[in-house]
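Okay, so here's the structure we're looking at.
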Amino acid sequence: MTDYIKTKKINNISPTIKSGGNKKLYIETYGCQMNVADSELVVSILADNGFSTTDDINSADIIFINTCSIRDNAEQRIRGRLQIFKKIKKTKPYLIIGVIGCMAERLKNKLLEQEKLIDIIVGPDAYRDLPNLIKIAKTGQKAVNVLLSREETYADISPVRYSSNGITAFISIMRGCDNMCSYCVVPFTRGRERSRNPESIIEEAKDLVKNGYKDVTLLGQNVDKYNWEDTKTGKKVNFAKLLELTAKVSPSLRVRFSTSYPQDMTDEVLYTMAKYKNICKHIHFPAQSGSSRILEKMKRGYTAEWYKNRILKIKEILPDCAITTDIISGFCSETEDDHKQTLSLLEFAQFDLGFMFKYSERPNTYAARNFKDDVPEEIKSRRLTEIINLQNKISKSVKQKDIGKTFEVLIEGTSKKSTEELFGRTSQNKVVVFPKKNYKKGDYVNVKITDASSATLIGVTI
Ligand code: 5AD
Ligand code: SF4
């Protein structure tokens with residue numbers, strides 16, 4: 001859930017593509033890429049019901065906040081935003097405020113009792129009901145739908161890519177998660193795993209290509225469990241097959257995916273990646289810990305040794321593949337020795353990038369019900385700092401190795417620092433900045449890397 005995963009606010013930036021009408025929707029999105037994709041569905045559903053998006057919060061008739069529950073600090077940030085919305089509502093009594101997504105699902109009606117300004121609460125599987133809920137809210141009643149579904153994949157809804165750069169897009173291929181990692185709230189907020197009809201996925205990819213998009217990311221909480229069976233023909237499509245079908249849409253369309261679950265990622269996926277140049281050589285491969293004892297308590301289903309062997313396998317089949325990871329520090333009962341094993345896993349794997357978090361107990365999860373959150377805050381913080389410092393050092397040294405190499409880069413836009421420079425990404429998902437010349441957004445260029453800063457590679461087109 002990379003650029004995913006860090007809980008962040010994603011702004012509305014572009015004008016409406018599918019113009020709805022004169023009622024104005026302002027939507028803020030927090031959390032993972034899945035939430036970004038969901039907001040695009042929500043905008044689409046509302047566009048069919050007379051709403052256009054606005055990036056001016058003060059002119060909105062409806063404010064939606066698409067929320068994340070992954071850690072307590074994600075929820076606290078959202079509560080902070082709600083206080084700002086409350087001030088706006090005081091001057092505009094007709095304003096409707098909706099909380100949608102994971103936090104809505106987790107807290108349900110309780111959130112209405114805690115935050116009186118909210119008019120609508122909608123969980124991730126109930127977005128089709130939004131037009132109806134808005135009607136109810138307009139009568140002054142509170143409107144709630146937090147039903148989870150075993151079937152809903154929104155396969156027939158064409159997302160409105162309202163904040164897109166016109167080059168990269170997400171395609172949601174499945175919803176929910178059945179893994180039940182002991183620390184994780186997602187199975188509670190997003191329900192059971194279900195795969196979307198591959199035909200609708202391929203149609204969406206073709207449509208994106210027609211509209212000039214060049215890079216799609218297939219999204220799911222655990223893409224390796226993607227599994228579609230045609231009830232009439234009995235034909236099955238697994239994730240490797242879906243990747244192949246998407247890669248075949250167009251050789252100039254880059255295909256990415258997120259997130260892989262180490263236990264479920266097959267060699268077939270790796271060989272499919274090797275076979276198609278346009279399947280990007282990047283795997284987000286969350287380890288969570290380097291201690292087998294902790295991994296068992298996390299119910300991850302693999303040991304540190306097993307994970308390391310998977311890393312070796314990726315490097316064997318895909319020598320130029322970037323690998324990124326997620327780490328949780330300070331999980332229940334974690335000792336100094338467990339922590340050292342995590343540091344040693346980082347050394348072993350030489351990840352290109354890591355997303356690192358302090359363990360945050362989530363109510364009702366297996367860990368919350370069965371283990372004590374017993375690593376003191378200052379120890380969690382110190383260990384997290386050690387993990388971050390080590391990973392930063394590794395990321396930097398991995399980047400240094402790219403100096404002198406040439407990468408094919410898909411241009412995504414003008415560099416933030418200078419209008420004379422463009423930026424784009426390599427197949428490995430690394431950001432590269434280079435002089436503009438006559439190139440433009442959407443072009444593929446070969447860039448020779450001459451330098452590396454902490455976050456980006458710097459180069460020249462050749
Ligand atoms: N506390 C801290 N980090 C968590 N993550 C998931 N649940 C928690 C939690 N309770 C992290 C994991 C996951 C990423 C999306 O967020 O590393 O891969
Ligand atoms: Fe995404 Fe929901 Fe998980 Fe947050 S809690 S990372 S929004 S699935």
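Going through the structure tokens in order, the chains are called A, B, and so on, while each chain numbers its residues from 1 and the ligands are numbered from 1 in the order shown.
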
Mind dumping a table of every chain A residue within 9 Å of ligand 2, with the nearest atom pair and its distance in Å to one decimal, using only C-alpha atoms and all ligand atoms, sorted by chain and rising number, as a tab-separated table?
```
residue	atom	partner	partner_atom_place_in_ligand_line	distance
A:Met1	CA	ligand 2	6 (S)	5.8
A:Tyr4	CA	ligand 2	6 (S)	8.0
A:Ile5	CA	ligand 2	6 (S)	5.6
A:Lys6	CA	ligand 2	6 (S)	8.0
A:Thr7	CA	ligand 2	4 (Fe)	7.2
A:Thr29	CA	ligand 2	7 (S)	8.9
A:Tyr30	CA	ligand 2	7 (S)	6.7
A:Gly31	CA	ligand 2	7 (S)	4.3
A:Cys32	CA	ligand 2	1 (Fe)	4.2
A:Gln33	CA	ligand 2	1 (Fe)	7.0
A:Met34	CA	ligand 2	1 (Fe)	5.9
A:Asn35	CA	ligand 2	7 (S)	5.4
A:Val36	CA	ligand 2	7 (S)	8.8
A:Asn66	CA	ligand 2	7 (S)	7.9
A:Thr67	CA	ligand 2	7 (S)	6.0
A:Cys68	CA	ligand 2	4 (Fe)	3.7
A:Ser69	CA	ligand 2	5 (S)	4.2
A:Ile70	CA	ligand 2	5 (S)	4.0
A:Arg71	CA	ligand 2	5 (S)	7.6
A:Ala74	CA	ligand 2	4 (Fe)	7.9
A:Gly101	CA	ligand 2	7 (S)	6.8
A:Cys102	CA	ligand 2	2 (Fe)	4.7
A:Met103	CA	ligand 2	5 (S)	7.4
A:Pro124	CA	ligand 2	2 (Fe)	8.7
A:Gly176	CA	ligand 2	8 (S)	8.0
A:Cys177	CA	ligand 2	8 (S)	9.0
A:Cys184	CA	ligand 2	3 (Fe)	8.1
A:Val185	CA	ligand 2	5 (S)	6.3
A:Val186	CA	ligand 2	3 (Fe)	5.0
A:Pro187	CA	ligand 2	8 (S)	8.3
A:Thr189	CA	ligand 2	2 (Fe)	6.5
A:Arg190	CA	ligand 2	8 (S)	6.5
A:Gln221	CA	ligand 2	8 (S)	7.1
```

(request) Could you please write out, as a count of residues only, every residue of region 153-236 of chain A that DSSP assigns to alpha helix (DSSP H)? (result) 18

(request) Please extract the residues at most 6 Å from ligand 1, counting only C-alpha atoms and all ligand atoms, and provide them as an NGL selection string, using the chain letters and residue numbers of this document. (result) :A and (1 or 5 or 70-71 or 183-184 or 286 or 288 or 326-328 or 357-362)

(message) Show me, as a list in words, the residues that have an atom within 9 Å of Tyr127 (chain A) when counting only C-alpha atoms, minus same-chain residues fewer than 6 positions from it.
(response) Asp38, Leu41, Val42, Ile45, Ile100, Asn145 and Tyr154 of chain A

(request) Point out the residue among A:Val223, A:Ile387, A:Leu243, A:Ala287 with the least atom-to-atom distance to Ile311 (chain A), counting only C-alpha atoms. (result)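 Among the listed residues, A:Ala287 lies closest to Ile311 (chain A).
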
(request) From region 267-368 of chain A, collect each residue whose DSSP state is strand (DSSP E or B) and return the set as a list in words. (result) Ile279, His282, Ile283, His284, Gln288, Ala322, Ile323, Thr324, Thr325, Asp326, Ile327, Ile328, Ser329, Leu353, Gly354, Phe355, Met356, Phe357 and Lys358 of chain A

Test item: residues at most 12 Å from Arg79 (chain A), only C-alpha atoms, excluding those fewer than 2 positions along its chain, as a PDB file with all heavy atoms, in the first residue's frame:
```
ATOM      1  N   TYR A  30      -6.435   9.598   2.523  1.00  0.00           N
ATOM      2  CA  TYR A  30      -5.323   9.195   3.392  1.00  0.00           C
ATOM      3  C   TYR A  30      -5.098   7.713   3.210  1.00  0.00           C
ATOM      4  O   TYR A  30      -6.017   6.988   2.826  1.00  0.00           O
ATOM      5  CB  TYR A  30      -5.648   9.505   4.857  1.00  0.00           C
ATOM      6  CG  TYR A  30      -5.708  10.991   5.116  1.00  0.00           C
ATOM      7  CD1 TYR A  30      -6.831  11.723   4.759  1.00  0.00           C
ATOM      8  CD2 TYR A  30      -4.616  11.666   5.643  1.00  0.00           C
ATOM      9  CE1 TYR A  30      -6.868  13.091   4.938  1.00  0.00           C
ATOM     10  CE2 TYR A  30      -4.646  13.030   5.826  1.00  0.00           C
ATOM     11  CZ  TYR A  30      -5.775  13.739   5.478  1.00  0.00           C
ATOM     12  OH  TYR A  30      -5.803  15.093   5.645  1.00  0.00           O
ATOM     13  N   ILE A  65     -13.802  12.509   3.470  1.00  0.00           N
ATOM     14  CA  ILE A  65     -12.435  12.176   3.878  1.00  0.00           C
ATOM     15  C   ILE A  65     -12.315  10.659   3.844  1.00  0.00           C
ATOM     16  O   ILE A  65     -13.060   9.948   4.519  1.00  0.00           O
ATOM     17  CB  ILE A  65     -12.069  12.833   5.232  1.00  0.00           C
ATOM     18  CG1 ILE A  65     -10.623  12.520   5.609  1.00  0.00           C
ATOM     19  CG2 ILE A  65     -13.017  12.467   6.350  1.00  0.00           C
ATOM     20  CD1 ILE A  65     -10.034  13.463   6.647  1.00  0.00           C
ATOM     21  N   ASN A  66     -11.440  10.187   2.949  1.00  0.00           N
ATOM     22  CA  ASN A  66     -11.238   8.747   2.793  1.00  0.00           C
ATOM     23  C   ASN A  66     -10.106   8.343   3.737  1.00  0.00           C
ATOM     24  O   ASN A  66      -8.976   8.817   3.609  1.00  0.00           O
ATOM     25  CB  ASN A  66     -10.908   8.408   1.335  1.00  0.00           C
ATOM     26  CG  ASN A  66     -11.067   6.929   1.050  1.00  0.00           C
ATOM     27  OD1 ASN A  66     -11.296   6.135   1.967  1.00  0.00           O
ATOM     28  ND2 ASN A  66     -10.939   6.549  -0.207  1.00  0.00           N
ATOM     29  N   THR A  67     -10.428   7.480   4.675  1.00  0.00           N
ATOM     30  CA  THR A  67      -9.607   7.330   5.884  1.00  0.00           C
ATOM     31  C   THR A  67      -8.830   6.024   5.970  1.00  0.00           C
ATOM     32  O   THR A  67      -9.163   5.039   5.314  1.00  0.00           O
ATOM     33  CB  THR A  67     -10.523   7.423   7.117  1.00  0.00           C
ATOM     34  OG1 THR A  67     -11.508   6.384   6.984  1.00  0.00           O
ATOM     35  CG2 THR A  67     -11.197   8.773   7.216  1.00  0.00           C
ATOM     36  N   CYS A  68      -7.845   6.041   6.854  1.00  0.00           N
ATOM     37  CA  CYS A  68      -6.961   4.901   7.085  1.00  0.00           C
ATOM     38  C   CYS A  68      -6.917   4.597   8.581  1.00  0.00           C
ATOM     39  O   CYS A  68      -6.900   5.515   9.396  1.00  0.00           O
ATOM     40  CB  CYS A  68      -5.570   5.270   6.593  1.00  0.00           C
ATOM     41  SG  CYS A  68      -4.319   4.022   6.904  1.00  0.00           S
ATOM     42  N   SER A  69      -6.879   3.310   8.923  1.00  0.00           N
ATOM     43  CA  SER A  69      -6.854   2.901  10.334  1.00  0.00           C
ATOM     44  C   SER A  69      -5.601   2.129  10.687  1.00  0.00           C
ATOM     45  O   SER A  69      -5.511   1.559  11.770  1.00  0.00           O
ATOM     46  CB  SER A  69      -8.045   1.976  10.622  1.00  0.00           C
ATOM     47  OG  SER A  69      -9.232   2.683  10.632  1.00  0.00           O
ATOM     48  N   ASP A  72      -2.504   4.032  14.913  1.00  0.00           N
ATOM     49  CA  ASP A  72      -3.264   5.035  15.653  1.00  0.00           C
ATOM     50  C   ASP A  72      -2.963   6.445  15.143  1.00  0.00           C
ATOM     51  O   ASP A  72      -3.864   7.274  15.030  1.00  0.00           O
ATOM     52  CB  ASP A  72      -2.950   4.916  17.149  1.00  0.00           C
ATOM     53  CG  ASP A  72      -3.802   5.870  17.947  1.00  0.00           C
ATOM     54  OD1 ASP A  72      -5.042   5.777  17.838  1.00  0.00           O
ATOM     55  OD2 ASP A  72      -3.241   6.748  18.635  1.00  0.00           O
ATOM     56  N   ASN A  73      -1.697   6.717  14.788  1.00  0.00           N
ATOM     57  CA  ASN A  73      -1.396   8.091  14.364  1.00  0.00           C
ATOM     58  C   ASN A  73      -2.095   8.465  13.056  1.00  0.00           C
ATOM     59  O   ASN A  73      -2.404   9.631  12.826  1.00  0.00           O
ATOM     60  CB  ASN A  73       0.113   8.367  14.323  1.00  0.00           C
ATOM     61  CG  ASN A  73       0.870   7.426  13.415  1.00  0.00           C
ATOM     62  OD1 ASN A  73       0.265   6.664  12.673  1.00  0.00           O
ATOM     63  ND2 ASN A  73       2.188   7.475  13.465  1.00  0.00           N
ATOM     64  N   ALA A  74      -2.418   7.456  12.218  1.00  0.00           N
ATOM     65  CA  ALA A  74      -3.186   7.735  10.993  1.00  0.00           C
ATOM     66  C   ALA A  74      -4.572   8.251  11.387  1.00  0.00           C
ATOM     67  O   ALA A  74      -5.073   9.241  10.845  1.00  0.00           O
ATOM     68  CB  ALA A  74      -3.314   6.472  10.146  1.00  0.00           C
ATOM     69  N   GLU A  75      -5.172   7.588  12.362  1.00  0.00           N
ATOM     70  CA  GLU A  75      -6.515   7.994  12.801  1.00  0.00           C
ATOM     71  C   GLU A  75      -6.474   9.365  13.480  1.00  0.00           C
ATOM     72  O   GLU A  75      -7.394  10.172  13.313  1.00  0.00           O
ATOM     73  CB  GLU A  75      -7.111   6.945  13.733  1.00  0.00           C
ATOM     74  CG  GLU A  75      -7.399   5.632  13.018  1.00  0.00           C
ATOM     75  CD  GLU A  75      -8.381   4.739  13.771  1.00  0.00           C
ATOM     76  OE1 GLU A  75      -8.711   5.060  14.937  1.00  0.00           O
ATOM     77  OE2 GLU A  75      -8.818   3.724  13.185  1.00  0.00           O
ATOM     78  N   GLN A  76      -5.415   9.616  14.236  1.00  0.00           N
ATOM     79  CA  GLN A  76      -5.339  10.917  14.929  1.00  0.00           C
ATOM     80  C   GLN A  76      -5.248  12.071  13.936  1.00  0.00           C
ATOM     81  O   GLN A  76      -5.852  13.124  14.136  1.00  0.00           O
ATOM     82  CB  GLN A  76      -4.142  10.964  15.893  1.00  0.00           C
ATOM     83  CG  GLN A  76      -4.254  10.014  17.086  1.00  0.00           C
ATOM     84  CD  GLN A  76      -5.637  10.055  17.750  1.00  0.00           C
ATOM     85  OE1 GLN A  76      -6.259  11.111  17.855  1.00  0.00           O
ATOM     86  NE2 GLN A  76      -6.134   8.899  18.166  1.00  0.00           N
ATOM     87  N   ARG A  77      -4.506  11.858  12.864  1.00  0.00           N
ATOM     88  CA  ARG A  77      -4.401  12.913  11.836  1.00  0.00           C
ATOM     89  C   ARG A  77      -5.769  13.213  11.232  1.00  0.00           C
ATOM     90  O   ARG A  77      -6.120  14.358  10.968  1.00  0.00           O
ATOM     91  CB  ARG A  77      -3.484  12.436  10.700  1.00  0.00           C
ATOM     92  CG  ARG A  77      -2.068  12.886  10.876  1.00  0.00           C
ATOM     93  CD  ARG A  77      -1.277  12.604   9.626  1.00  0.00           C
ATOM     94  NE  ARG A  77      -1.356  13.689   8.667  1.00  0.00           N
ATOM     95  CZ  ARG A  77      -0.897  13.605   7.422  1.00  0.00           C
ATOM     96  NH1 ARG A  77      -0.348  12.481   7.012  1.00  0.00           N
ATOM     97  NH2 ARG A  77      -0.984  14.626   6.609  1.00  0.00           N
ATOM     98  N   ARG A  81      -8.106  16.658  11.072  1.00  0.00           N
ATOM     99  CA  ARG A  81      -8.732  17.254   9.887  1.00  0.00           C
ATOM    100  C   ARG A  81     -10.220  17.495  10.136  1.00  0.00           C
ATOM    101  O   ARG A  81     -10.784  18.501   9.717  1.00  0.00           O
ATOM    102  CB  ARG A  81      -8.574  16.334   8.664  1.00  0.00           C
ATOM    103  CG  ARG A  81      -7.214  16.334   8.055  1.00  0.00           C
ATOM    104  CD  ARG A  81      -6.732  17.700   7.648  1.00  0.00           C
ATOM    105  NE  ARG A  81      -7.409  18.223   6.461  1.00  0.00           N
ATOM    106  CZ  ARG A  81      -7.394  19.514   6.101  1.00  0.00           C
ATOM    107  NH1 ARG A  81      -6.768  20.398   6.848  1.00  0.00           N
ATOM    108  NH2 ARG A  81      -8.017  19.909   5.013  1.00  0.00           N
ATOM    109  N   LEU A  82     -10.857  16.556  10.853  1.00  0.00           N
ATOM    110  CA  LEU A  82     -12.290  16.723  11.126  1.00  0.00           C
ATOM    111  C   LEU A  82     -12.550  17.999  11.922  1.00  0.00           C
ATOM    112  O   LEU A  82     -13.570  18.661  11.730  1.00  0.00           O
ATOM    113  CB  LEU A  82     -12.837  15.497  11.885  1.00  0.00           C
ATOM    114  CG  LEU A  82     -12.975  14.213  11.044  1.00  0.00           C
ATOM    115  CD1 LEU A  82     -13.385  13.033  11.923  1.00  0.00           C
ATOM    116  CD2 LEU A  82     -14.002  14.397   9.923  1.00  0.00           C
ATOM    117  N   GLN A  83     -11.610  18.374  12.792  1.00  0.00           N
ATOM    118  CA  GLN A  83     -11.786  19.612  13.572  1.00  0.00           C
ATOM    119  C   GLN A  83     -11.777  20.835  12.655  1.00  0.00           C
ATOM    120  O   GLN A  83     -12.508  21.793  12.867  1.00  0.00           O
ATOM    121  CB  GLN A  83     -10.698  19.749  14.650  1.00  0.00           C
ATOM    122  CG  GLN A  83     -10.695  18.626  15.683  1.00  0.00           C
ATOM    123  CD  GLN A  83     -12.103  18.187  16.086  1.00  0.00           C
ATOM    124  OE1 GLN A  83     -12.915  18.994  16.514  1.00  0.00           O
ATOM    125  NE2 GLN A  83     -12.402  16.889  15.915  1.00  0.00           N
ATOM    126  N   ILE A  84     -10.942  20.755  11.605  1.00  0.00           N
ATOM    127  CA  ILE A  84     -10.910  21.861  10.626  1.00  0.00           C
ATOM    128  C   ILE A  84     -12.245  21.913   9.865  1.00  0.00           C
ATOM    129  O   ILE A  84     -12.819  22.979   9.662  1.00  0.00           O
ATOM    130  CB  ILE A  84      -9.746  21.662   9.600  1.00  0.00           C
ATOM    131  CG1 ILE A  84      -8.421  21.412  10.317  1.00  0.00           C
ATOM    132  CG2 ILE A  84      -9.682  22.809   8.595  1.00  0.00           C
ATOM    133  CD1 ILE A  84      -7.734  22.618  10.879  1.00  0.00           C
ATOM    134  N   PHE A  85     -12.737  20.735   9.473  1.00  0.00           N
ATOM    135  CA  PHE A  85     -14.009  20.692   8.732  1.00  0.00           C
ATOM    136  C   PHE A  85     -15.142  21.267   9.598  1.00  0.00           C
ATOM    137  O   PHE A  85     -16.053  21.905   9.092  1.00  0.00           O
ATOM    138  CB  PHE A  85     -14.377  19.252   8.322  1.00  0.00           C
ATOM    139  CG  PHE A  85     -13.369  18.577   7.422  1.00  0.00           C
ATOM    140  CD1 PHE A  85     -13.420  17.202   7.216  1.00  0.00           C
ATOM    141  CD2 PHE A  85     -12.384  19.316   6.765  1.00  0.00           C
ATOM    142  CE1 PHE A  85     -12.500  16.565   6.391  1.00  0.00           C
ATOM    143  CE2 PHE A  85     -11.464  18.698   5.930  1.00  0.00           C
ATOM    144  CZ  PHE A  85     -11.522  17.317   5.755  1.00  0.00           C
ATOM    145  N   LYS A  86     -15.041  20.994  10.896  1.00  0.00           N
ATOM    146  CA  LYS A  86     -16.086  21.467  11.815  1.00  0.00           C
ATOM    147  C   LYS A  86     -16.191  22.991  11.751  1.00  0.00           C
ATOM    148  O   LYS A  86     -17.281  23.561  11.720  1.00  0.00           O
ATOM    149  CB  LYS A  86     -15.720  21.025  13.240  1.00  0.00           C
ATOM    150  CG  LYS A  86     -16.909  21.114  14.202  1.00  0.00           C
ATOM    151  CD  LYS A  86     -16.483  21.020  15.647  1.00  0.00           C
ATOM    152  CE  LYS A  86     -16.297  19.619  16.129  1.00  0.00           C
ATOM    153  NZ  LYS A  86     -15.909  19.480  17.517  1.00  0.00           N
ATOM    154  N   VAL A  99     -17.397  10.584   6.263  1.00  0.00           N
ATOM    155  CA  VAL A  99     -16.169   9.846   6.549  1.00  0.00           C
ATOM    156  C   VAL A  99     -16.307   8.500   5.854  1.00  0.00           C
ATOM    157  O   VAL A  99     -17.265   7.764   6.106  1.00  0.00           O
ATOM    158  CB  VAL A  99     -15.953   9.680   8.066  1.00  0.00           C
ATOM    159  CG1 VAL A  99     -14.733   8.814   8.335  1.00  0.00           C
ATOM    160  CG2 VAL A  99     -15.793  11.042   8.720  1.00  0.00           C
ATOM    161  N   MET A 103     -11.456   3.816   8.435  1.00  0.00           N
ATOM    162  CA  MET A 103     -11.800   4.272   9.789  1.00  0.00           C
ATOM    163  C   MET A 103     -13.322   4.262   9.982  1.00  0.00           C
ATOM    164  O   MET A 103     -13.828   3.974  11.077  1.00  0.00           O
ATOM    165  CB  MET A 103     -11.241   5.679   9.972  1.00  0.00           C
ATOM    166  CG  MET A 103     -11.107   6.115  11.383  1.00  0.00           C
ATOM    167  SD  MET A 103     -10.230   7.696  11.347  1.00  0.00           S
ATOM    168  CE  MET A 103     -10.698   8.319  12.946  1.00  0.00           C
ATOM    169  N   ALA A 104     -14.041   4.564   8.906  1.00  0.00           N
ATOM    170  CA  ALA A 104     -15.506   4.506   8.950  1.00  0.00           C
ATOM    171  C   ALA A 104     -15.928   3.073   9.248  1.00  0.00           C
ATOM    172  O   ALA A 104     -16.805   2.816  10.078  1.00  0.00           O
ATOM    173  CB  ALA A 104     -16.081   4.971   7.616  1.00  0.00           C
ATOM    174  N   LEU A 111     -18.248   6.409  15.676  1.00  0.00           N
ATOM    175  CA  LEU A 111     -17.624   7.636  15.170  1.00  0.00           C
ATOM    176  C   LEU A 111     -18.630   8.793  15.153  1.00  0.00           C
ATOM    177  O   LEU A 111     -18.272   9.946  15.415  1.00  0.00           O
ATOM    178  CB  LEU A 111     -17.094   7.362  13.759  1.00  0.00           C
ATOM    179  CG  LEU A 111     -16.069   8.321  13.166  1.00  0.00           C
ATOM    180  CD1 LEU A 111     -14.893   8.547  14.089  1.00  0.00           C
ATOM    181  CD2 LEU A 111     -15.577   7.776  11.827  1.00  0.00           C
ATOM    182  N   GLN A 114     -18.805  10.158  18.586  1.00  0.00           N
ATOM    183  CA  GLN A 114     -17.600  10.904  18.988  1.00  0.00           C
ATOM    184  C   GLN A 114     -17.456  12.221  18.239  1.00  0.00           C
ATOM    185  O   GLN A 114     -16.975  13.198  18.781  1.00  0.00           O
ATOM    186  CB  GLN A 114     -16.352  10.042  18.729  1.00  0.00           C
ATOM    187  CG  GLN A 114     -16.285   8.808  19.596  1.00  0.00           C
ATOM    188  CD  GLN A 114     -15.277   7.789  19.055  1.00  0.00           C
ATOM    189  OE1 GLN A 114     -14.785   7.909  17.946  1.00  0.00           O
ATOM    190  NE2 GLN A 114     -14.986   6.781  19.864  1.00  0.00           N
ATOM    191  N   GLU A 115     -17.836  12.223  16.970  1.00  0.00           N
ATOM    192  CA  GLU A 115     -17.614  13.412  16.132  1.00  0.00           C
ATOM    193  C   GLU A 115     -18.973  13.840  15.574  1.00  0.00           C
ATOM    194  O   GLU A 115     -19.410  13.352  14.541  1.00  0.00           O
ATOM    195  CB  GLU A 115     -16.634  13.089  14.980  1.00  0.00           C
ATOM    196  CG  GLU A 115     -15.369  12.366  15.398  1.00  0.00           C
ATOM    197  CD  GLU A 115     -14.299  13.296  15.981  1.00  0.00           C
ATOM    198  OE1 GLU A 115     -14.501  14.524  15.982  1.00  0.00           O
ATOM    199  OE2 GLU A 115     -13.265  12.767  16.458  1.00  0.00           O
ATOM    200  N   LYS A 116     -19.585  14.768  16.265  1.00  0.00           N
ATOM    201  CA  LYS A 116     -20.983  15.116  15.954  1.00  0.00           C
ATOM    202  C   LYS A 116     -21.172  15.784  14.586  1.00  0.00           C
ATOM    203  O   LYS A 116     -22.269  15.840  14.057  1.00  0.00           O
ATOM    204  CB  LYS A 116     -21.546  16.057  17.035  1.00  0.00           C
ATOM    205  CG  LYS A 116     -21.453  15.498  18.456  1.00  0.00           C
ATOM    206  CD  LYS A 116     -22.771  14.873  18.868  1.00  0.00           C
ATOM    207  CE  LYS A 116     -22.790  14.332  20.282  1.00  0.00           C
ATOM    208  NZ  LYS A 116     -21.797  13.317  20.629  1.00  0.00           N
ATOM    209  N   LEU A 117     -20.096  16.305  14.025  1.00  0.00           N
ATOM    210  CA  LEU A 117     -20.250  17.020  12.751  1.00  0.00           C
ATOM    211  C   LEU A 117     -20.482  16.100  11.568  1.00  0.00           C
ATOM    212  O   LEU A 117     -20.913  16.535  10.506  1.00  0.00           O
ATOM    213  CB  LEU A 117     -19.013  17.879  12.477  1.00  0.00           C
ATOM    214  CG  LEU A 117     -17.771  17.158  11.918  1.00  0.00           C
ATOM    215  CD1 LEU A 117     -16.878  18.124  11.236  1.00  0.00           C
ATOM    216  CD2 LEU A 117     -17.055  16.362  12.981  1.00  0.00           C
ATOM    217  N   ILE A 118     -20.194  14.793  11.755  1.00  0.00           N
ATOM    218  CA  ILE A 118     -20.261  13.874  10.610  1.00  0.00           C
ATOM    219  C   ILE A 118     -21.710  13.566  10.228  1.00  0.00           C
ATOM    220  O   ILE A 118     -22.553  13.323  11.096  1.00  0.00           O
ATOM    221  CB  ILE A 118     -19.531  12.555  10.950  1.00  0.00           C
ATOM    222  CG1 ILE A 118     -18.066  12.838  11.289  1.00  0.00           C
ATOM    223  CG2 ILE A 118     -19.628  11.563   9.795  1.00  0.00           C
ATOM    224  CD1 ILE A 118     -17.326  11.644  11.856  1.00  0.00           C
TER     225      ILE A 118
END
```

(message) Calculated over only C-alpha atoms, which of the candidates A:Ile121, A:Tyr162, A:Arg300, A:Val144 has the smallest distance to Ser52 (chain A)?
(response)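 The closest residue to Ser52 (chain A) is A:Tyr162.
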
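Every protein, DNA or RNA residue with an atom at most 8 Å from Gly50 (chain A), where only C-alpha atoms count and chain neighbours fewer than 2 positions away do not, is listed here: Gly20, Gly21, Asn22, Lys23, Leu46, Ala47, Asp48 and Ser52 of chain A.
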
(message) When you look at region 155-157 of chain A with a cut-off of 7 Å (counting only C-alpha atoms), what residues show up, excluding the ones that are within fewer than 3 positions of it in the same chain? I need them as a PyMOL selection string.
(response) chain A and resi 41+196-197+200

(message) Can you tell me which residues surround region 246-263 of chain A at a distance of at most 7 Å, considering only C-alpha atoms, apart from same-chain residues fewer than 4 positions away, and format the answer as a PyMOL selection string?
(response) chain A and resi 1+202+206+214-224+242+276+278-280+284-286+301-302+307

(message) Between CA of Gly166 (chain A) and CA of Gly413 (chain A), what is the distance in Å, rounded to a tenth?
(response)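 Taking CA of Gly166 (chain A) as the start and CA of Gly413 (chain A) as the end point, the length is 9.9 Å.
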
(message) Given only C-alpha atoms as the basis, pick out the residue of A:Pro198, A:Gly290, A:Gly140, A:Gly191 nearest to Leu245 (chain A).
(response)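 Using only C-alpha atoms, Leu245 (chain A) sits closest to A:Pro198.
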
(request) Could you check how far CA of Ile96 (chain A) sits from CA of Asp61 (chain A), in Å to one decimal? (result) 6.4 Å

(message) So the first atom is CA of Asp125 (chain A) and the second is CA of Leu148 (chain A); what is the distance between them in Å, to one decimal place?
(response)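 Between CA of Asp125 (chain A) and CA of Leu148 (chain A) the gap works out to 5.4 Å.
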
(message) Restricting the calculation to only C-alpha atoms: of A:Phe188, A:Tyr439, A:Tyr213, A:Phe239, which residue gets closest to Lys225 (chain A)?
(response)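 The shortest atom-to-atom distance to Lys225 (chain A) comes from A:Phe239.
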